[in-house]
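Undergrad: The file below is upload00.cif, mmCIF, C-alpha atoms:
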data_data
#
loop_
_atom_site.label_atom_id
_atom_site.label_comp_id
_atom_site.auth_asym_id
_atom_site.auth_seq_id
_atom_site.Cartn_x
_atom_site.Cartn_y
_atom_site.Cartn_z
CA MET X 23 -1.70 -9.88 6.32
CA ILE X 24 -2.03 -9.46 10.09
CA ALA X 25 1.35 -7.75 9.97
CA LEU X 26 0.02 -5.27 7.41
CA ILE X 27 -3.03 -4.47 9.54
CA LEU X 28 -0.87 -3.94 12.62
CA ARG X 29 1.58 -1.74 10.72
CA ASP X 30 -1.12 0.44 9.18
CA VAL X 31 -2.96 0.85 12.48
CA LYS X 32 0.32 1.78 14.15
CA LEU X 33 1.08 4.28 11.40
CA GLY X 34 -2.41 5.73 11.52
CA VAL X 35 -2.25 6.26 15.26
CA ARG X 36 1.35 7.38 15.44
CA ALA X 37 1.44 9.73 12.50
CA GLY X 38 -1.56 11.53 13.99
CA GLY X 39 -3.73 13.75 11.82
CA GLY X 40 -5.54 11.12 9.78
CA ALA X 41 -7.94 9.77 12.37
CA LEU X 42 -8.39 13.05 14.20
CA ILE X 43 -9.21 15.07 11.08
CA GLY X 44 -12.12 12.77 10.28
CA ILE X 45 -13.56 13.15 13.79
CA LEU X 46 -13.12 16.91 13.74
CA PHE X 47 -14.89 17.14 10.40
CA TYR X 48 -17.73 14.95 11.69
CA LEU X 49 -18.00 17.15 14.76
CA ALA X 50 -18.04 20.27 12.59
CA VAL X 51 -20.83 19.02 10.33
CA VAL X 52 -23.00 17.85 13.22
CA THR X 53 -22.56 20.94 15.41
CA VAL X 54 -23.25 23.32 12.55
CA ALA X 55 -26.49 21.57 11.55
CA PRO X 56 -28.60 22.75 14.57
CA PHE X 57 -27.61 26.34 13.92
CA ALA X 58 -28.86 26.01 10.37
CA MET X 59 -32.12 24.22 11.31
CA GLY X 60 -33.09 26.55 14.10
CA PRO X 61 -33.99 25.75 17.72
CA ASP X 62 -36.79 23.27 17.05
CA LEU X 63 -35.90 20.35 19.32
CA ASN X 64 -38.44 17.93 17.86
CA LEU X 65 -37.28 18.59 14.33
CA LEU X 66 -33.65 18.02 15.39
CA ALA X 67 -34.48 14.75 17.08
CA ARG X 68 -36.36 13.59 14.01
CA ILE X 69 -33.65 14.34 11.46
CA GLY X 70 -30.78 13.62 13.84
CA PRO X 71 -29.97 10.17 12.41
CA ALA X 72 -29.84 11.63 8.89
CA ILE X 73 -27.47 14.38 9.99
CA LEU X 74 -25.21 11.91 11.80
CA TRP X 75 -25.14 9.57 8.80
CA THR X 76 -24.40 12.37 6.34
CA GLY X 77 -21.63 13.68 8.57
CA ALA X 78 -20.10 10.25 9.04
CA LEU X 79 -20.27 9.53 5.30
CA LEU X 80 -18.51 12.75 4.37
CA ALA X 81 -15.96 12.30 7.15
CA SER X 82 -15.11 8.79 5.96
CA LEU X 83 -14.59 10.06 2.41
CA LEU X 84 -12.09 12.57 3.71
CA GLY X 85 -9.07 10.38 4.35
CA LEU X 86 -9.64 7.76 1.69
CA GLU X 87 -7.13 9.00 -0.86
CA ARG X 88 -4.35 8.31 1.65
CA LEU X 89 -5.17 4.61 1.59
CA PHE X 90 -2.61 3.80 -1.11
CA GLN X 91 -0.98 7.15 -1.76
CA ILE X 92 1.61 6.99 1.01
CA ASP X 93 2.65 3.48 0.02
CA HIS X 94 2.82 4.64 -3.57
CA GLU X 95 5.07 7.57 -2.74
CA ASP X 96 7.61 5.64 -0.69
CA GLY X 97 7.81 2.63 -3.01
CA ALA X 98 6.12 0.19 -0.63
CA LEU X 99 3.20 -0.29 -3.01
CA ASP X 100 5.57 -1.84 -5.59
CA LEU X 101 6.65 -4.37 -3.00
CA LEU X 102 3.09 -5.16 -1.96
CA VAL X 103 2.27 -5.78 -5.63
CA ILE X 104 5.36 -7.88 -6.28
CA ALA X 105 4.49 -10.09 -3.28
CA ARG X 106 1.15 -11.04 -4.85
CA HIS X 107 2.21 -14.67 -5.21
CA GLU X 108 2.62 -14.90 -1.45
CA THR X 109 -0.26 -12.64 -0.42
CA PRO X 110 -2.86 -12.09 -3.16
CA LEU X 111 -3.26 -8.42 -3.90
CA ALA X 112 -6.98 -8.44 -3.07
CA LEU X 113 -6.14 -9.73 0.43
CA THR X 114 -3.50 -7.04 0.82
CA VAL X 115 -6.08 -4.40 -0.11
CA PHE X 116 -8.59 -5.98 2.28
CA ALA X 117 -6.06 -5.79 5.11
CA LYS X 118 -5.33 -2.15 4.34
CA CYS X 119 -9.07 -1.41 4.34
CA VAL X 120 -9.54 -3.09 7.72
CA ALA X 121 -6.69 -1.07 9.20
CA HIS X 122 -8.00 2.12 7.61
CA TRP X 123 -11.47 1.54 9.01
CA LEU X 124 -10.12 0.78 12.49
CA VAL X 125 -8.24 4.07 12.50
CA THR X 126 -10.75 6.36 10.75
CA GLY X 127 -14.17 4.64 10.73
CA LEU X 128 -14.40 3.13 14.19
CA PRO X 129 -13.64 6.43 15.98
CA LEU X 130 -16.58 7.99 14.12
CA VAL X 131 -18.85 5.28 15.51
CA LEU X 132 -17.46 5.80 18.99
CA VAL X 133 -18.08 9.56 19.09
CA THR X 134 -21.58 9.20 17.63
CA PRO X 135 -23.34 8.89 21.05
CA LEU X 136 -21.77 12.17 22.12
CA LEU X 137 -22.85 13.95 18.97
CA GLY X 138 -26.32 12.39 19.26
CA LEU X 139 -26.79 14.29 22.53
CA LEU X 140 -26.12 17.56 20.70
CA LEU X 141 -29.03 16.75 18.40
CA ASN X 142 -31.53 16.01 21.22
CA MET X 143 -31.80 12.35 20.23
CA ASP X 144 -33.07 9.78 22.73
CA ALA X 145 -31.13 6.69 23.78
CA THR X 146 -32.81 4.34 21.29
CA ALA X 147 -32.11 6.61 18.34
CA ILE X 148 -28.50 7.12 19.41
CA GLY X 149 -27.96 3.40 19.86
CA ALA X 150 -29.57 2.61 16.52
CA THR X 151 -27.47 5.21 14.71
CA ALA X 152 -24.25 3.93 16.26
CA LEU X 153 -25.18 0.36 15.39
CA THR X 154 -26.02 1.13 11.76
CA LEU X 155 -22.85 3.19 11.42
CA LEU X 156 -20.84 0.30 12.85
CA VAL X 157 -22.30 -2.02 10.26
CA GLY X 158 -22.39 0.44 7.37
CA THR X 159 -19.18 2.48 7.45
CA PRO X 160 -16.90 -0.48 6.50
CA ALA X 161 -18.75 -0.59 3.18
CA ILE X 162 -17.71 3.01 2.51
CA THR X 163 -14.06 2.10 3.11
CA PHE X 164 -14.25 -0.94 0.83
CA ILE X 165 -15.89 1.07 -1.95
CA GLY X 166 -13.36 3.81 -1.38
CA ALA X 167 -10.48 1.39 -1.86
CA ALA X 168 -11.44 0.96 -5.50
CA GLY X 169 -11.62 4.72 -6.00
CA ALA X 170 -8.34 5.29 -4.17
CA ALA X 171 -6.62 2.65 -6.29
CA VAL X 172 -7.77 4.28 -9.51
CA ALA X 173 -6.63 7.73 -8.39
CA VAL X 174 -3.41 6.69 -6.64
CA SER X 175 -0.98 7.98 -9.23
CA LEU X 176 -2.74 11.32 -9.61
CA PRO X 177 -1.39 14.21 -7.61
CA ARG X 178 -4.11 15.66 -5.37
CA GLY X 179 -6.55 12.92 -6.26
CA GLY X 180 -8.43 13.44 -2.98
CA LEU X 181 -11.49 15.20 -4.30
CA LEU X 182 -11.56 12.93 -7.35
CA VAL X 183 -11.74 9.85 -5.12
CA SER X 184 -14.73 11.30 -3.28
CA VAL X 185 -16.51 12.17 -6.53
CA ILE X 186 -15.85 8.73 -8.02
CA ILE X 187 -17.16 6.75 -5.09
CA LEU X 188 -19.96 9.00 -3.81
CA PRO X 189 -22.63 7.48 -6.11
CA PHE X 190 -21.75 3.98 -4.88
CA THR X 191 -22.12 4.99 -1.26
CA ILE X 192 -25.67 6.31 -1.70
CA PRO X 193 -27.32 2.87 -1.13
CA VAL X 194 -25.34 2.52 2.09
CA LEU X 195 -26.62 5.91 3.24
CA ILE X 196 -30.20 5.11 2.29
CA PHE X 197 -30.35 1.76 4.06
CA GLY X 198 -28.38 3.08 7.04
CA VAL X 199 -30.82 5.91 7.70
CA MET X 200 -33.81 3.70 6.92
CA ALA X 201 -32.73 1.07 9.45
CA THR X 202 -32.16 3.74 12.08
CA LEU X 203 -35.61 5.16 11.41
CA GLY X 204 -37.05 1.67 11.67
CA ALA X 205 -35.58 1.22 15.12
CA VAL X 206 -37.11 4.48 16.35
CA GLU X 207 -40.50 4.66 14.66
CA THR X 208 -43.11 1.98 15.08
CA PHE X 209 -44.51 2.19 11.55
CA ALA X 210 -41.17 1.56 9.78
CA PRO X 211 -39.45 -1.83 9.53
CA PHE X 212 -36.01 -2.26 11.06
CA LEU X 213 -34.81 -5.72 10.15
CA GLN X 214 -35.12 -5.54 6.36
CA PRO X 215 -33.10 -2.37 5.80
CA PHE X 216 -30.61 -3.44 8.46
CA THR X 217 -29.93 -6.80 6.83
CA PHE X 218 -29.68 -5.01 3.47
CA LEU X 219 -27.07 -2.72 5.02
CA ALA X 220 -25.10 -5.70 6.31
CA ALA X 221 -25.38 -7.37 2.92
CA LEU X 222 -24.02 -4.23 1.22
CA THR X 223 -21.01 -4.25 3.53
CA LEU X 224 -20.32 -7.93 2.87
CA PHE X 225 -20.81 -7.47 -0.87
CA PHE X 226 -18.41 -4.53 -1.07
CA ALA X 227 -15.93 -6.29 1.25
CA VAL X 228 -15.43 -8.72 -1.63
CA LEU X 229 -15.97 -6.50 -4.66
CA GLY X 230 -14.00 -3.45 -3.43
CA PRO X 231 -10.67 -5.20 -2.77
CA PHE X 232 -10.91 -7.15 -6.03
CA ALA X 233 -11.60 -4.01 -8.04
CA ALA X 234 -8.82 -2.16 -6.25
CA ALA X 235 -6.37 -5.01 -6.86
CA LEU X 236 -7.23 -4.94 -10.54
CA ALA X 237 -6.68 -1.18 -10.68
CA LEU X 238 -3.37 -1.41 -8.83
CA LYS X 239 -2.09 -4.09 -11.19
CA GLY X 240 -3.19 -2.04 -14.20
CA LEU X 241 -1.55 1.04 -12.77
CA GLN X 242 1.87 -0.50 -13.19
CA ASP X 243 1.55 -0.77 -16.97
CA MET H 17 16.98 -22.47 -11.78
CA LYS H 18 17.49 -20.07 -14.63
CA LEU H 19 16.34 -16.57 -15.52
CA VAL H 20 15.91 -16.13 -19.26
CA ALA H 21 15.04 -12.94 -21.13
CA ASP H 22 14.52 -13.09 -24.85
CA GLY H 23 14.03 -10.30 -27.35
CA LEU H 24 12.71 -7.83 -24.76
CA ALA H 25 11.51 -4.48 -25.99
CA ALA H 26 9.95 -1.73 -23.92
CA ARG H 27 8.35 1.57 -24.58
CA ARG H 28 8.15 4.70 -22.50
CA GLY H 29 5.37 6.87 -23.85
CA ASN H 30 5.68 6.69 -27.60
CA GLU H 31 9.40 6.16 -27.64
CA MET H 32 11.09 2.76 -27.73
CA VAL H 33 13.52 2.58 -24.84
CA PHE H 34 15.23 -0.64 -25.88
CA GLU H 35 14.70 -3.52 -28.26
CA GLY H 36 16.05 -7.01 -28.66
CA VAL H 37 17.51 -7.39 -25.15
CA GLY H 38 18.19 -11.00 -24.31
CA PHE H 39 20.23 -12.81 -21.67
CA ALA H 40 20.23 -15.92 -19.53
CA LEU H 41 21.43 -16.16 -15.97
CA SER H 42 21.81 -19.41 -14.05
CA ALA H 43 21.83 -19.79 -10.30
CA GLY H 44 24.94 -18.12 -8.93
CA GLU H 45 25.28 -15.63 -11.75
CA GLY H 46 24.87 -11.90 -11.71
CA MET H 47 24.60 -9.12 -14.21
CA ALA H 48 25.40 -5.45 -13.98
CA VAL H 49 23.31 -3.22 -16.22
CA THR H 50 25.13 0.00 -16.97
CA GLY H 51 24.51 2.98 -19.18
CA PRO H 52 23.78 6.69 -19.05
CA ASN H 53 20.67 8.24 -17.52
CA GLY H 54 17.54 7.51 -19.47
CA ALA H 55 19.05 4.58 -21.36
CA GLY H 56 16.47 2.17 -20.00
CA LYS H 57 18.14 0.46 -17.03
CA SER H 58 15.28 1.03 -14.61
CA THR H 59 12.76 0.25 -17.32
CA LEU H 60 14.42 -3.12 -17.88
CA LEU H 61 14.22 -3.92 -14.16
CA ARG H 62 10.57 -2.88 -13.99
CA VAL H 63 9.85 -5.10 -16.98
CA LEU H 64 11.61 -8.02 -15.30
CA ALA H 65 9.71 -7.43 -12.06
CA GLY H 66 6.43 -7.44 -13.98
CA PHE H 67 5.48 -3.80 -13.33
CA LEU H 68 5.69 -2.96 -17.03
CA ARG H 69 4.53 -5.13 -19.87
CA PRO H 70 7.18 -5.56 -22.56
CA VAL H 71 6.21 -4.53 -26.09
CA ALA H 72 7.89 -7.64 -27.41
CA GLY H 73 9.74 -10.60 -25.99
CA ALA H 74 9.41 -12.26 -22.62
CA ALA H 75 11.31 -12.87 -19.42
CA ALA H 76 10.68 -15.84 -17.17
CA MET H 77 12.19 -18.29 -14.71
CA THR H 78 12.71 -21.92 -15.57
CA GLY H 79 13.23 -24.63 -13.02
CA ALA H 80 12.38 -22.31 -10.15
CA PRO H 81 11.11 -23.69 -6.83
CA GLY H 82 7.35 -24.12 -6.98
CA GLY H 83 7.43 -24.02 -10.74
CA ILE H 84 6.09 -20.45 -11.04
CA ALA H 85 7.58 -18.85 -14.15
CA GLU H 86 6.91 -15.25 -13.16
CA ILE H 87 10.07 -13.58 -11.95
CA ALA H 88 8.12 -11.46 -9.47
CA ALA H 89 7.30 -14.55 -7.42
CA HIS H 90 10.99 -15.13 -6.70
CA ALA H 91 12.39 -11.64 -6.62
CA HIS H 92 13.35 -8.91 -4.22
CA PHE H 93 12.96 -5.52 -5.84
CA LEU H 94 15.05 -2.67 -4.51
CA SER H 95 13.84 0.52 -6.17
CA PRO H 96 15.40 3.96 -5.75
CA LEU H 97 12.66 4.51 -3.18
CA ASN H 98 13.36 2.82 0.11
CA ALA H 99 9.85 1.55 0.94
CA MET H 100 10.27 2.32 4.64
CA LYS H 101 7.90 4.29 6.86
CA PRO H 102 9.51 7.38 8.39
CA ALA H 103 7.30 7.18 11.49
CA LEU H 104 8.44 3.66 12.41
CA THR H 105 11.83 2.57 13.71
CA VAL H 106 14.19 0.59 11.52
CA ARG H 107 13.39 -2.55 13.52
CA GLU H 108 9.62 -2.08 13.10
CA ASN H 109 10.04 -1.49 9.37
CA LEU H 110 12.14 -4.61 8.87
CA ASN H 111 9.93 -6.71 11.13
CA PHE H 112 6.95 -5.73 9.02
CA TRP H 113 8.53 -6.78 5.73
CA ARG H 114 9.81 -9.98 7.34
CA ALA H 115 6.34 -10.90 8.61
CA PHE H 116 4.61 -9.86 5.39
CA GLY H 117 6.74 -12.07 3.17
CA GLU H 118 7.30 -15.78 3.19
CA ALA H 119 10.61 -17.65 3.53
CA ARG H 120 11.52 -15.60 6.59
CA ALA H 121 15.28 -15.42 7.01
CA ALA H 122 17.46 -13.11 9.09
CA MET H 123 16.09 -11.20 12.07
CA PRO H 124 16.33 -7.39 11.79
CA GLU H 125 19.32 -7.29 14.19
CA GLU H 126 21.29 -9.69 12.04
CA ALA H 127 20.26 -8.07 8.75
CA LEU H 128 21.34 -4.68 10.01
CA GLU H 129 24.69 -6.03 11.23
CA ARG H 130 25.39 -7.10 7.67
CA VAL H 131 25.00 -3.54 6.43
CA ASP H 132 26.83 -2.16 9.47
CA LEU H 133 23.78 -0.38 10.84
CA GLY H 134 23.19 -2.44 13.99
CA HIS H 135 23.57 0.59 16.24
CA ALA H 136 20.62 2.40 14.65
CA ILE H 137 18.03 -0.36 15.00
CA ASP H 138 15.68 1.53 17.32
CA VAL H 139 16.03 4.87 15.60
CA PRO H 140 13.00 6.14 13.66
CA PHE H 141 13.65 5.76 9.96
CA SER H 142 13.11 9.51 9.46
CA ASP H 143 16.13 10.28 11.67
CA LEU H 144 18.60 8.37 9.49
CA SER H 145 20.90 10.01 6.96
CA THR H 146 20.47 9.33 3.23
CA GLY H 147 23.18 6.66 3.18
CA GLN H 148 21.85 5.01 6.33
CA ARG H 149 18.36 4.89 4.87
CA ARG H 150 19.73 3.15 1.81
CA ARG H 151 21.55 0.64 4.02
CA ALA H 152 18.36 -0.06 5.96
CA ALA H 153 16.58 -0.65 2.65
CA ILE H 154 19.34 -3.05 1.60
CA ALA H 155 18.94 -4.90 4.91
CA ARG H 156 15.41 -5.76 3.76
CA LEU H 157 16.96 -8.15 1.22
CA PHE H 158 18.09 -10.35 4.11
CA VAL H 159 14.90 -10.62 6.15
CA ASN H 160 13.17 -12.80 3.55
CA HIS H 161 14.92 -15.27 1.33
CA ARG H 162 14.23 -14.75 -2.35
CA PRO H 163 16.64 -16.10 -4.93
CA VAL H 164 16.48 -13.26 -7.45
CA TRP H 165 17.57 -9.73 -6.53
CA LEU H 166 16.53 -6.91 -8.85
CA LEU H 167 18.46 -3.86 -7.70
CA ASP H 168 17.83 -0.41 -9.15
CA GLU H 169 20.67 1.98 -8.34
CA PRO H 170 21.43 0.09 -5.11
CA THR H 171 24.47 2.16 -4.22
CA SER H 172 22.98 5.63 -4.61
CA GLY H 173 23.79 7.65 -1.53
CA LEU H 174 26.33 5.18 -0.19
CA ASP H 175 29.90 6.22 0.63
CA ALA H 176 32.91 4.49 -0.98
CA ARG H 177 33.49 2.12 1.94
CA THR H 178 29.88 0.93 2.09
CA GLU H 179 29.84 0.60 -1.68
CA ALA H 180 32.75 -1.83 -1.47
CA ALA H 181 31.00 -3.74 1.29
CA PHE H 182 27.89 -3.89 -0.86
CA ALA H 183 29.88 -5.52 -3.68
CA GLY H 184 30.72 -8.20 -1.11
CA ILE H 185 27.01 -8.63 -0.29
CA ILE H 186 26.21 -9.18 -3.96
CA ALA H 187 29.08 -11.64 -4.34
CA GLY H 188 27.82 -13.48 -1.24
CA HIS H 189 24.32 -13.81 -2.64
CA MET H 190 25.70 -15.13 -5.93
CA SER H 191 27.88 -17.70 -4.22
CA ASP H 192 24.80 -18.85 -2.27
CA GLY H 193 23.20 -19.69 -5.59
CA GLY H 194 21.19 -16.50 -6.05
CA ILE H 195 20.74 -14.39 -9.15
CA VAL H 196 21.52 -10.68 -9.04
CA ILE H 197 20.64 -8.06 -11.63
CA ALA H 198 21.85 -4.60 -10.66
CA ALA H 199 21.25 -1.43 -12.65
CA THR H 200 23.71 1.28 -11.89
CA HIS H 201 25.36 4.23 -13.62
CA LEU H 202 28.47 3.68 -11.49
CA PRO H 203 30.17 0.34 -12.16
CA ILE H 204 29.95 -2.24 -9.37
CA GLU H 205 33.09 -4.35 -9.14
CA VAL H 206 32.07 -7.92 -8.44
CA ALA H 207 34.15 -10.79 -9.78
CA GLY H 208 32.34 -12.96 -12.30
CA MET H 209 29.47 -10.54 -12.86
CA LYS H 210 28.24 -10.27 -16.43
CA LYS H 211 27.81 -6.89 -18.01
CA LEU H 212 24.97 -5.48 -20.05
CA ARG H 213 25.64 -2.04 -21.39
CA PHE H 214 22.90 0.25 -22.63
CA THR H 215 23.88 3.08 -24.90
CA ASP H 216 21.76 6.10 -25.73
CA GLY H 217 20.67 4.35 -28.92
CA GLY H 218 19.00 1.88 -26.62
CA ASP H 219 20.44 -1.45 -27.67
CA ALA H 220 22.58 -3.75 -25.61
#
Take the structure in the file and give it back as structure tokens.
TA:
Amino acid sequence: MIALILRDVKLGVRAGGGALIGILFYLAVVTVAPFAMGPDLNLLARIGPAILWTGALLASLLGLERLFQIDHEDGALDLLVIARHETPLALTVFAKCVAHWLVTGLPLVLVTPLLGLLLNMDATAIGATALTLLVGTPAITFIGAAGAAVAVSLPRGGLLVSVIILPFTIPVLIFGVMATLGAVETFAPFLQPFTFLAALTLFFAVLGPFAAALALKGLQD
Amino acid sequence: MKLVADGLAARRGNEMVFEGVGFALSAGEGMAVTGPNGAGKSTLLRVLAGFLRPVAGAAAMTGAPGGIAEIAAHAHFLSPLNAMKPALTVRENLNFWRAFGEARAAMPEEALERVDLGHAIDVPFSDLSTGQRRRAAIARLFVNHRPVWLLDEPTSGLDARTEAAFAGIIAGHMSDGGIVIAATHLPIEVAGMKKLRFTDGGDA
């Protein structure tokens, strides 16, 4: 399992593209937003967390279809499935999700402070957004694993994966933005939405890999 | 340890590919599955490996270590795809499969020596020729020990000399008490290997 994480991280970094495309997309969404909103600095600062979260959500959807597709194309997926008596398939999927998040999700969190500056956000808001993204984006990857597993044998399933999993990511978005707001504004609570966000991630960390494993096993029939 | 298949039938779409296929292989025995394209050789292997559910019949292991009857738990599966990452070197690829599986056996260096590819160990997989890629994929069989080998067109892309050497590899695995089932449209000459011939009609 550790070997699988290491391999996928190595592949993600070495093959290039994957991780960088997500960041570039995130950057594009966030830099375009101020032009659309107009030069109202207070407005930007207020909706900054929402823009960052939306951008990060869409950027994490972008590379999800590659999660199993490459392994499917080169035959490695068959071998991961056949080894299920040694490493249960749900664990294999979990390992692939962890690697995928390290390569595509974590960089989004790391560039968030930089993008926060573009939106005139103060230090607290930037910190809160980065923190909620750190806690929340793994959930998107785990949900996405189920979608990617269903769509793995379809050519150009990329958009389909996004459409399938988007509804399931909405709660993550809601609680993520709510928690960020709670950290900034005095009238809104922080701890409740934040713990909800963490609970969502933990919940999907279990459910996502199991659902994906089921789909991958069914795919072979 | 014994691999028994009884009355297997499989379907591809709406068409029956084969029906009533049965055989039994004990430790140390091998079987070559031959027949024209589309006769059902690969389908049979995918059924045995558990990727496809048979329409009728069953295949299972008896007396296997650990008592698990599913063939997949004891098998190496070599598909026409090589299951290697082009961006990684041959050593990194083999090291990954070795670490991912249990019953770790030969190190990548040793496994590659056996397929005469030791010189290319630090070459990215994408830089190998077709035959070399196939040999690297065959080397994967050595990095973990699994008693049953399910080989789908193992010799595709290999030259005549390597093909002969590969027959020796199969014979070696059989004499070590392994079970080999190889599907191929070109006959593999291994002494003592049983033969299962598919015709276009589908039966054995």
Undergrad: Starting from the PyMOL selection byres ((chain H) within 8 of (chain X)), expand the selection into actual residues of this file and give them as a PyMOL selection string.
TA: chain H and resi 65-69+88-89+91+93+95+97-101+103-104+112+115-118
Undergrad: Which of these residues is nearest to Ala55 (chain H), using all atoms listed in the file: H:Leu19, H:Ala153, H:Ile204, H:Ala199?
TA: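 That would be H:Ala199, the residue with the smallest distance to Ala55 (chain H).
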Undergrad: Using all atoms listed in the file, determine which residues lie at most 6 Å from region 81-88 of chain X, disregarding the query and same-chain residues fewer than 5 positions distant; provide the list as number ranges by chain.
TA: X: 44, 47-48, 170, 180, 184
Undergrad: How many Å lie between CA of Ala122 (chain H) and CA of Met77 (chain H), rounded to one decimal?
TA: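 According to the coordinates, CA of Ala122 (chain H) and CA of Met77 (chain H) are separated by 24.9 Å.
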Undergrad: Residues proximal to (-19.8, 6.7, -4.8) were defined as those with any atom within 12 Å of that point in the file's coordinates, counting all atoms listed in the file. Which are they, as number ranges by chain?
TA: X: 79-80, 82-83, 161-170, 181-195, 226, 230
Undergrad: Store the residues of this selection in a file with C-alpha atoms, as a PDB file, keeping the file's coordinate frame.
TA:
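Writing done, so here's result31.pdb:
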ATOM      1  CA  LEU X  79     -20.270   9.530   5.300  1.00  0.00           C
ATOM      2  CA  LEU X  80     -18.510  12.750   4.370  1.00  0.00           C
ATOM      3  CA  SER X  82     -15.110   8.790   5.960  1.00  0.00           C
ATOM      4  CA  LEU X  83     -14.590  10.060   2.410  1.00  0.00           C
ATOM      5  CA  ALA X 161     -18.750  -0.590   3.180  1.00  0.00           C
ATOM      6  CA  ILE X 162     -17.710   3.010   2.510  1.00  0.00           C
ATOM      7  CA  THR X 163     -14.060   2.100   3.110  1.00  0.00           C
ATOM      8  CA  PHE X 164     -14.250  -0.940   0.830  1.00  0.00           C
ATOM      9  CA  ILE X 165     -15.890   1.070  -1.950  1.00  0.00           C
ATOM     10  CA  GLY X 166     -13.360   3.810  -1.380  1.00  0.00           C
ATOM     11  CA  ALA X 167     -10.480   1.390  -1.860  1.00  0.00           C
ATOM     12  CA  ALA X 168     -11.440   0.960  -5.500  1.00  0.00           C
ATOM     13  CA  GLY X 169     -11.620   4.720  -6.000  1.00  0.00           C
ATOM     14  CA  ALA X 170      -8.340   5.290  -4.170  1.00  0.00           C
ATOM     15  CA  LEU X 181     -11.490  15.200  -4.300  1.00  0.00           C
ATOM     16  CA  LEU X 182     -11.560  12.930  -7.350  1.00  0.00           C
ATOM     17  CA  VAL X 183     -11.740   9.850  -5.120  1.00  0.00           C
ATOM     18  CA  SER X 184     -14.730  11.300  -3.280  1.00  0.00           C
ATOM     19  CA  VAL X 185     -16.510  12.170  -6.530  1.00  0.00           C
ATOM     20  CA  ILE X 186     -15.850   8.730  -8.020  1.00  0.00           C
ATOM     21  CA  ILE X 187     -17.160   6.750  -5.090  1.00  0.00           C
ATOM     22  CA  LEU X 188     -19.960   9.000  -3.810  1.00  0.00           C
ATOM     23  CA  PRO X 189     -22.630   7.480  -6.110  1.00  0.00           C
ATOM     24  CA  PHE X 190     -21.750   3.980  -4.880  1.00  0.00           C
ATOM     25  CA  THR X 191     -22.120   4.990  -1.260  1.00  0.00           C
ATOM     26  CA  ILE X 192     -25.670   6.310  -1.700  1.00  0.00           C
ATOM     27  CA  PRO X 193     -27.320   2.870  -1.130  1.00  0.00           C
ATOM     28  CA  VAL X 194     -25.340   2.520   2.090  1.00  0.00           C
ATOM     29  CA  LEU X 195     -26.620   5.910   3.240  1.00  0.00           C
ATOM     30  CA  PHE X 226     -18.410  -4.530  -1.070  1.00  0.00           C
ATOM     31  CA  GLY X 230     -14.000  -3.450  -3.430  1.00  0.00           C
TER      32      GLY X 230
END
Undergrad: When the PyMOL selection byres ((chain H and resi 155-169) around 6) is applied to the structure above, which residues does it catch, written out as number ranges by chain?
TA: H: 90-95, 114, 119-122, 127-128, 152-154, 170-172, 194-200
Undergrad: Check which residues satisfy the PyMOL selection byres ((chain H and resi 107) around 9) in the file shown, then give them as a count of residues only.
TA: 16
Undergrad: One decimal, Å: what's the distance from CA of Leu65 (chain X) over to CA of Gly198 (chain X), could you say?
TA: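 Taking CA of Leu65 (chain X) as the start and CA of Gly198 (chain X) as the end point, the length is 19.3 Å.
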Undergrad: Report, in Å to a single decimal, how far apart CA of Ala25 (chain H) and CA of Thr59 (chain H) are.
TA: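 Spanning CA of Thr59 (chain H) to CA of Ala25 (chain H) is a straight-line distance of 10.0 Å.
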Undergrad: Go through X:Leu238, X:Ala173, X:Leu222, X:Leu141 one by one, measure the shortest atom-to-atom distance of each to Phe197 (chain X) using only C-alpha atoms, and give the residue with the smallest value.
TA: X:Leu222
Undergrad: Near Thr126 (chain X), counting all atoms listed in the file, which residues have an atom at most 7 Å away, once you skip same-chain residues fewer than 3 positions from it, shown as a compact mmCIF listing (two decimals) with C-alpha atoms, in the coordinates of the input?
TA:
# COMPACT_ATOMS: atom_id res chain seq x y z
CA ALA X 41 -7.94 9.77 12.37
CA GLY X 44 -12.12 12.77 10.28
CA SER X 82 -15.11 8.79 5.96
CA HIS X 122 -8.00 2.12 7.61
CA TRP X 123 -11.47 1.54 9.01
CA PRO X 129 -13.64 6.43 15.98
CA LEU X 130 -16.58 7.99 14.12
Undergrad: May I ask which of the residues H:Ala85, H:Ala75, H:Val33, H:Leu64 is the closest one to Met17 (chain H), counting only C-alpha atoms?
TA: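 Going through H:Ala85, H:Ala75, H:Val33, H:Leu64 one by one, the smallest distance to Met17 (chain H) is for H:Ala85.
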Undergrad: Measuring atom to atom with all atoms listed in the file, identify which of X:Ala50, X:Ile148, X:Met200, X:Leu128 is nearest to Leu219 (chain X).
TA: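 Looking at the shortest contact to Leu219 (chain X), the residue is X:Met200.
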Undergrad: Looking at only C-alpha atoms, which of X:Phe209, X:Phe57, X:Phe116, X:Trp75 is the one that sits closest to Leu155 (chain X)?
TA: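 Closest to Leu155 (chain X) of all the choices is X:Trp75.
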Undergrad: Identify which of the residues X:Gly127, X:Pro231, X:Gly77, X:Gly158 lies closest to Leu111 (chain X), counting only C-alpha atoms when measuring atom-to-atom distances.
TA: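 Closest to Leu111 (chain X) of all the choices is X:Pro231.
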Undergrad: Is it possible to dump region 138-146 of chain X as a JSON list (two decimals), in the first residue's frame, including just C-alpha atoms?
TA:
[["chain", "number", "residue", "atom", "x", "y", "z"],
["X", 138, "GLY", "CA", -5.87, 35.12, -1.31],
["X", 139, "LEU", "CA", -3.68, 38.21, -1.68],
["X", 140, "LEU", "CA", -5.10, 38.77, -5.17],
["X", 141, "LEU", "CA", -8.57, 38.93, -3.61],
["X", 142, "ASN", "CA", -7.64, 41.51, -0.93],
["X", 143, "MET", "CA", -8.24, 39.02, 1.88],
["X", 144, "ASP", "CA", -6.69, 39.58, 5.31],
["X", 145, "ALA", "CA", -4.41, 37.10, 7.05],
["X", 146, "THR", "CA", -7.16, 35.48, 9.14]]
